file input01.tsv (TSV, C-alpha atoms and all ligand atoms)
chain	number	residue	atom	x	y	z
A	1	MET	CA	28.00	188.13	92.29
A	2	ALA	CA	30.06	191.14	93.03
A	3	SER	CA	28.30	194.43	93.41
A	4	PRO	CA	29.56	197.53	91.60
A	5	THR	CA	30.18	200.11	94.26
A	6	MET	CA	32.78	202.23	92.54
A	7	ALA	CA	32.59	205.96	92.67
A	8	GLN	CA	32.39	207.80	89.40
A	9	GLY	CA	36.12	208.28	89.09
A	10	GLU	CA	36.92	204.58	89.50
A	11	ALA	CA	34.79	203.14	86.70
A	12	ARG	CA	36.82	201.01	84.30
A	13	ALA	CA	35.94	200.25	80.69
A	14	VAL	CA	35.27	196.55	81.21
A	15	PHE	CA	32.77	196.10	78.37
A	16	GLY	CA	32.92	196.12	74.59
A	17	LEU	CA	30.71	197.79	72.00
A	18	PRO	CA	27.37	196.14	71.18
A	19	PHE	CA	28.28	195.55	67.54
A	20	ALA	CA	30.82	193.23	65.94
A	21	GLU	CA	31.29	195.48	62.93
A	22	PRO	CA	33.21	198.76	63.08
A	23	PRO	CA	31.16	201.98	62.88
A	24	GLY	CA	30.24	203.49	59.55
A	25	PRO	CA	27.33	204.46	57.35
A	26	ASP	CA	26.71	200.83	56.36
A	27	THR	CA	26.77	199.50	59.91
A	28	TRP	CA	26.08	201.76	62.89
A	29	LEU	CA	26.88	205.22	64.22
A	30	LEU	CA	26.65	206.83	67.59
A	31	GLY	CA	23.22	208.41	68.04
A	32	GLN	CA	22.44	210.10	71.32
A	33	VAL	CA	25.02	209.91	74.09
A	34	TYR	CA	24.35	209.18	77.75
A	35	GLY	CA	23.73	212.12	80.02
A	36	ASN	CA	22.18	215.53	80.34
A	37	THR	CA	21.78	216.01	76.61
A	38	THR	CA	19.81	219.01	75.43
A	39	GLY	CA	17.27	216.64	73.90
A	40	ALA	CA	16.78	214.73	77.15
A	41	PHE	CA	16.64	217.96	79.14
A	42	ALA	CA	13.72	219.15	77.01
A	43	ARG	CA	11.88	215.91	77.85
A	44	ARG	CA	13.05	215.64	81.41
A	45	ARG	CA	9.58	215.82	82.91
A	46	GLU	CA	8.09	213.28	80.50
A	47	TRP	CA	10.21	210.61	78.84
A	48	TYR	CA	13.16	210.78	81.20
A	49	ARG	CA	11.51	211.56	84.52
A	50	ALA	CA	12.15	208.03	85.83
A	51	GLY	CA	15.86	208.51	85.10
A	52	GLN	CA	16.18	211.80	86.99
A	53	GLY	CA	15.78	213.81	83.81
A	54	ILE	CA	18.76	212.61	81.79
A	55	HIS	CA	19.19	210.15	78.91
A	56	PHE	CA	20.18	207.12	80.97
A	57	GLY	CA	21.56	205.02	78.10
A	58	ILE	CA	23.51	205.32	74.85
A	59	ASP	CA	21.70	205.29	71.47
A	60	PHE	CA	23.40	203.68	68.48
A	61	SER	CA	21.83	204.49	65.12
A	62	ALA	CA	21.56	201.43	62.86
A	63	ARG	CA	19.13	200.23	60.23
A	64	CYS	CA	16.58	197.71	61.44
A	65	GLY	CA	17.90	194.19	61.60
A	66	THR	CA	21.52	195.04	62.42
A	67	PRO	CA	22.95	192.25	64.63
A	68	ILE	CA	23.64	193.28	68.24
A	69	VAL	CA	26.27	191.48	70.32
A	70	ALA	CA	26.62	191.05	74.08
A	71	ILE	CA	28.97	193.64	75.57
A	72	GLY	CA	30.32	191.07	78.04
A	73	ASP	CA	29.99	187.46	79.17
A	74	GLY	CA	26.86	186.89	81.22
A	75	VAL	CA	23.54	185.19	81.78
A	76	VAL	CA	20.20	186.24	80.32
A	77	LEU	CA	18.26	187.95	83.12
A	78	LYS	CA	15.06	189.04	81.36
A	79	VAL	CA	13.59	188.80	77.85
A	80	ASP	CA	10.89	191.32	76.95
A	81	ALA	CA	10.45	193.05	80.31
A	82	PRO	CA	7.91	195.88	79.71
A	83	GLU	CA	8.63	197.42	83.12
A	84	HIS	CA	11.99	198.54	81.75
A	85	GLY	CA	10.61	200.35	78.72
A	86	SER	CA	12.56	200.49	75.45
A	87	ALA	CA	9.71	198.96	73.45
A	88	PRO	CA	8.95	197.02	71.37
A	89	HIS	CA	11.41	194.40	72.67
A	90	ASN	CA	14.22	194.44	75.18
A	91	LEU	CA	16.78	192.13	76.73
A	92	LEU	CA	18.71	192.23	80.01
A	93	ILE	CA	21.96	190.37	80.62
A	94	ALA	CA	23.52	189.96	84.08
A	95	HIS	CA	27.32	190.02	84.09
A	96	PRO	CA	29.57	188.34	86.68
A	97	ASN	CA	31.14	191.71	87.56
A	98	GLY	CA	27.79	192.82	89.01
A	99	TYR	CA	26.56	194.97	86.17
A	100	VAL	CA	23.46	194.40	84.06
A	101	SER	CA	23.26	195.46	80.42
A	102	LEU	CA	19.92	196.37	78.86
A	103	TYR	CA	19.37	196.33	75.08
A	104	GLY	CA	16.23	198.19	73.95
A	105	HIS	CA	14.06	198.91	70.91
A	106	LEU	CA	14.87	195.48	69.47
A	107	LEU	CA	13.20	194.45	66.23
A	108	GLU	CA	11.83	191.18	67.59
A	109	ARG	CA	11.85	189.09	70.73
A	110	PRO	CA	15.40	187.76	71.11
A	111	PRO	CA	15.59	183.97	70.67
A	112	LEU	CA	17.10	183.51	74.13
A	113	ARG	CA	15.75	182.12	77.41
A	114	VAL	CA	16.25	183.41	80.94
A	115	GLY	CA	19.27	181.78	82.52
A	116	GLN	CA	20.99	181.08	79.23
A	117	ARG	CA	24.71	181.85	79.13
A	118	VAL	CA	25.98	184.29	76.54
A	119	ARG	CA	29.52	185.23	75.59
A	120	ARG	CA	30.93	188.65	74.88
A	121	GLY	CA	30.54	189.26	71.15
A	122	GLN	CA	27.75	186.72	70.69
A	123	VAL	CA	24.78	187.92	68.61
A	124	ILE	CA	21.84	188.37	70.96
A	125	GLY	CA	19.29	190.34	68.95
A	126	LEU	CA	18.54	192.71	66.09
A	127	THR	CA	18.13	196.47	66.14
A	128	GLY	CA	14.64	197.93	65.67
A	129	ASP	CA	12.81	201.24	65.80
A	130	PRO	CA	10.73	202.48	68.74
A	131	ASP	CA	8.29	203.99	66.22
A	132	LEU	CA	7.95	200.57	64.50
A	133	THR	CA	8.63	202.08	61.09
A	134	CYS	CA	12.32	201.35	60.55
A	135	ASN	CA	12.66	204.73	58.89
A	136	SER	CA	12.01	207.24	61.66
A	137	ARG	CA	14.70	206.65	64.30
A	138	PRO	CA	15.97	203.07	64.18
A	139	HIS	CA	18.51	202.60	66.96
A	140	LEU	CA	19.70	200.46	69.82
A	141	HIS	CA	19.24	201.96	73.28
A	142	LEU	CA	21.86	200.43	75.60
A	143	GLU	CA	21.94	200.87	79.38
A	144	ILE	CA	24.31	199.63	82.06
A	145	ARG	CA	22.71	199.24	85.47
A	146	ASP	CA	23.58	197.70	88.80
A	147	ARG	CA	22.24	194.31	89.85
A	148	THR	CA	19.21	195.87	91.58
A	149	LEU	CA	18.36	197.64	88.28
A	150	GLY	CA	17.75	200.76	90.36
A	151	ARG	CA	20.82	202.61	89.23
A	152	ALA	CA	22.13	203.46	85.75
A	153	PHE	CA	25.78	204.22	85.14
A	154	ASN	CA	27.48	206.52	82.67
A	155	ALA	CA	27.99	203.79	80.08
A	156	HIS	CA	30.69	205.75	78.23
A	157	ARG	CA	33.00	205.10	81.14
A	158	LEU	CA	32.32	201.37	81.18
A	159	ILE	CA	32.57	200.59	77.44
A	160	ASP	CA	35.96	200.51	75.79
A	161	ALA	CA	35.56	202.74	72.72
A	162	ASP	CA	36.94	205.89	71.16
A	163	TRP	CA	33.98	208.10	72.08
A	164	ASP	CA	35.74	211.26	70.92
A	165	ALA	CA	35.91	209.86	67.39
A	166	LEU	CA	32.44	208.32	67.50
A	167	MET	CA	30.97	211.71	68.40
A	168	LEU	CA	32.26	213.30	65.18
A	169	VAL	CA	29.42	211.87	63.06
A	170	GLY	CA	25.87	210.70	63.60
A	171	ALA	CA	22.27	211.71	63.54
A	172	PHE	CA	21.40	213.23	66.90
A	173	GLY	CA	22.33	216.52	68.53
A	174	ARG	CA	25.56	216.38	70.44
A	175	GLY	CA	25.10	219.19	72.91
A	176	PHE	CA	24.69	218.94	76.65
A	177	GLN	CA	22.33	221.26	78.47
A	178	ARG	CA	24.17	223.93	80.41
A	179	ASP	CA	23.55	225.11	83.95
A	180	LEU	CA	24.57	228.76	83.72
A	181	ASP	CA	25.13	228.86	87.48
A	182	ASP	CA	27.81	226.17	87.01
A	183	PRO	CA	28.54	226.29	83.27
A	184	ARG	CA	31.27	223.63	83.07
A	185	LYS	CA	29.28	220.97	84.86
A	186	TRP	CA	28.40	217.84	82.79
A	187	GLN	CA	29.78	219.09	79.48
A	188	SER	CA	31.57	215.92	78.31
A	189	VAL	CA	30.57	212.29	77.90
A	190	TYR	CA	33.10	211.41	80.59
A	191	ASP	CA	31.61	213.41	83.46
A	192	GLN	CA	27.90	212.69	83.08
A	193	PRO	CA	26.29	211.64	86.38
A	194	ASP	CA	25.06	208.17	87.31
A	195	ILE	CA	21.37	208.14	88.18
A	196	ARG	CA	18.99	206.27	90.45
A	197	PHE	CA	15.60	205.45	89.03
A	198	GLY	CA	12.62	207.09	90.69
A	199	ARG	CA	14.58	209.81	92.44
A	200	PRO	CA	14.02	213.52	91.75
A	201	LEU	CA	15.16	215.31	88.61
A	202	ILE	CA	18.77	216.48	88.80
A	203	ASN	CA	18.56	219.12	86.08
A	204	GLU	CA	15.91	221.60	87.18
A	205	PHE	CA	18.33	224.47	86.55
A	206	ARG	CA	17.43	228.01	87.54
A	207	ASN	CA	19.38	229.51	84.62
A	208	THR	CA	20.01	227.30	81.65
A	209	TRP	CA	21.14	227.26	78.03
A	210	PRO	CA	19.76	226.54	75.49
A	211	ARG	CA	16.78	228.38	76.90
A	212	ASP	CA	14.18	226.22	78.61
A	213	TRP	CA	10.78	226.39	76.89
A	214	ASN	CA	8.93	224.30	79.47
A	301	ZN	ZN	17.97	206.02	74.31

call {"tool": "encode", "arguments": {"input": "input01.tsv", "output": "structure tokens", "more": "lines below"}}
Ligand SMILES: [Zn+2]
result
Amino acid sequence: MASPTMAQGEARAVFGLPFAEPPGPDTWLLGQVYGNTTGAFARRREWYRAGQGIHFGIDFSARCGTPIVAIGDGVVLKVDAPEHGSAPHNLLIAHPNGYVSLYGHLLERPPLRVGQRVRRGQVIGLTGDPDLTCNSRPHLHLEIRDRTLGRAFNAHRLIDADWDALMLVGAFGRGFQRDLDDPRKWQSVYDQPDIRFGRPLINEFRNTWPRDWN
């Protein structure tokens, strides 16, 4: 398998969206974007510490039971791997281009086995809710990692979609936390940093906005 070694500026949108249906109130909407969102910043020392303090995936709001499709051709790498979080159920697919996609907060264990081939666009699971209620924050959490699983990429740059339009509606806050010492840094979905799991936080800003209450 090839190994993705591209620098941030070279990433190409080689994957598709994780839903067959177009976005809308009856199907799915963009929830929380990847990156140094204000929400992730507030939880940087708790929920997102392992991911260097940023939201290391993309959240898609959808009612429980919405079919999820593979974002590319690949082979099932793991089914229900608790070490990768995103409870109650998750799925990892290894792609021949060297990337791995992770689908989290699934409603039930996907009916797939490790080593099974899947095609781009094939239904691979159903959306669920991390709070197990289906009415608090049902969504798909989608990550794109490297083959070692130690690095997460800015998935907006790897998925072919009109993110500008998708960001116009949805349930979660859209803002990125600002470093007032470098106020233009990381203020769009396109320039959010890749992260390496287990490394130090990258957003312990000295001066920040919105104000840090930690
Ligand atoms: Zn998420």

call {"tool": "residues_around", "arguments": {"input": "input01.tsv", "residues": "Arg137 of chain A", "least_positions_apart": "4", "cutoff": "12 Å", "atoms": "only C-alpha atoms", "output": "PyMOL selection string"}}
result
chain A and resi 31-32+59-64+105+127-133+141+170-172

call {"tool": "closest_residue", "arguments": {"input": "input01.tsv", "among": "A:Gly39, A:Gly57, A:Pro25, A:Pro193", "to": "ligand ZN 301 (chain A)", "atoms": "all atoms listed in the file"}}
result
A:Gly57

call {"tool": "residues_near_point", "arguments": {"input": "input01.tsv", "point": "(28.1, 196.1, 69.8)", "cutoff": "7 Å", "atoms": "only C-alpha atoms", "output": "list in words"}}
result
Gly16, Leu17, Pro18, Phe19, Ala20, Ile68, Val69, Ala70 and Ile71 of chain A

call {"tool": "closest_residue", "arguments": {"input": "input01.tsv", "among": "A:Gly198, A:Gly121, A:Gly51, A:Pro96", "to": "ligand ZN 301 (chain A)", "atoms": "all atoms listed in the file"}}
result
A:Gly51

call {"tool": "closest_residue", "arguments": {"input": "input01.tsv", "among": "A:His95, A:Arg199, A:His84, A:Arg184", "to": "Ile54 of chain A", "atoms": "all atoms listed in the file"}}
result
A:Arg199

call {"tool": "decode", "arguments": {"input": "input01.tsv", "residues": "segment 11-26 of chain A", "atoms": "N, CA and C atoms", "output": "compact mmCIF listing (two decimals), in the first residue's frame"}}
result
# COMPACT_ATOMS: atom_id res chain seq x y z
N ALA A 11 -2.68 17.92 -0.59
CA ALA A 11 -3.78 16.97 -0.43
C ALA A 11 -4.79 17.15 -1.57
N ARG A 12 -5.25 16.03 -2.12
CA ARG A 12 -6.25 16.08 -3.17
C ARG A 12 -7.53 15.44 -2.68
N ALA A 13 -8.66 15.92 -3.18
CA ALA A 13 -9.96 15.42 -2.73
C ALA A 13 -10.27 14.11 -3.43
N VAL A 14 -9.73 13.04 -2.91
CA VAL A 14 -9.82 11.73 -3.55
C VAL A 14 -11.03 10.91 -3.07
N PHE A 15 -11.71 11.40 -2.04
CA PHE A 15 -12.83 10.64 -1.47
C PHE A 15 -14.15 11.34 -1.74
N GLY A 16 -15.24 10.57 -1.56
CA GLY A 16 -16.58 11.12 -1.67
C GLY A 16 -17.20 11.33 -0.30
N LEU A 17 -18.40 11.87 -0.28
CA LEU A 17 -19.12 12.07 0.97
C LEU A 17 -19.62 10.72 1.50
N PRO A 18 -19.87 10.63 2.80
CA PRO A 18 -20.28 9.34 3.39
C PRO A 18 -21.78 9.07 3.31
N PHE A 19 -22.47 9.80 2.44
CA PHE A 19 -23.91 9.55 2.26
C PHE A 19 -24.21 9.53 0.76
N ALA A 20 -25.16 8.66 0.38
CA ALA A 20 -25.57 8.59 -1.02
C ALA A 20 -26.53 9.71 -1.36
N GLU A 21 -27.31 10.14 -0.37
CA GLU A 21 -28.32 11.16 -0.61
C GLU A 21 -27.70 12.55 -0.53
N PRO A 22 -28.25 13.51 -1.24
CA PRO A 22 -27.76 14.89 -1.08
C PRO A 22 -28.16 15.45 0.29
N PRO A 23 -27.46 16.51 0.74
CA PRO A 23 -27.78 17.06 2.06
C PRO A 23 -29.16 17.70 2.08
N GLY A 24 -29.71 17.78 3.27
CA GLY A 24 -31.00 18.43 3.44
C GLY A 24 -31.60 18.04 4.77
N PRO A 25 -32.68 18.70 5.15
CA PRO A 25 -33.27 18.42 6.47
C PRO A 25 -33.83 17.02 6.61
N ASP A 26 -34.11 16.34 5.49
CA ASP A 26 -34.62 14.97 5.59
C ASP A 26 -33.52 13.93 5.49
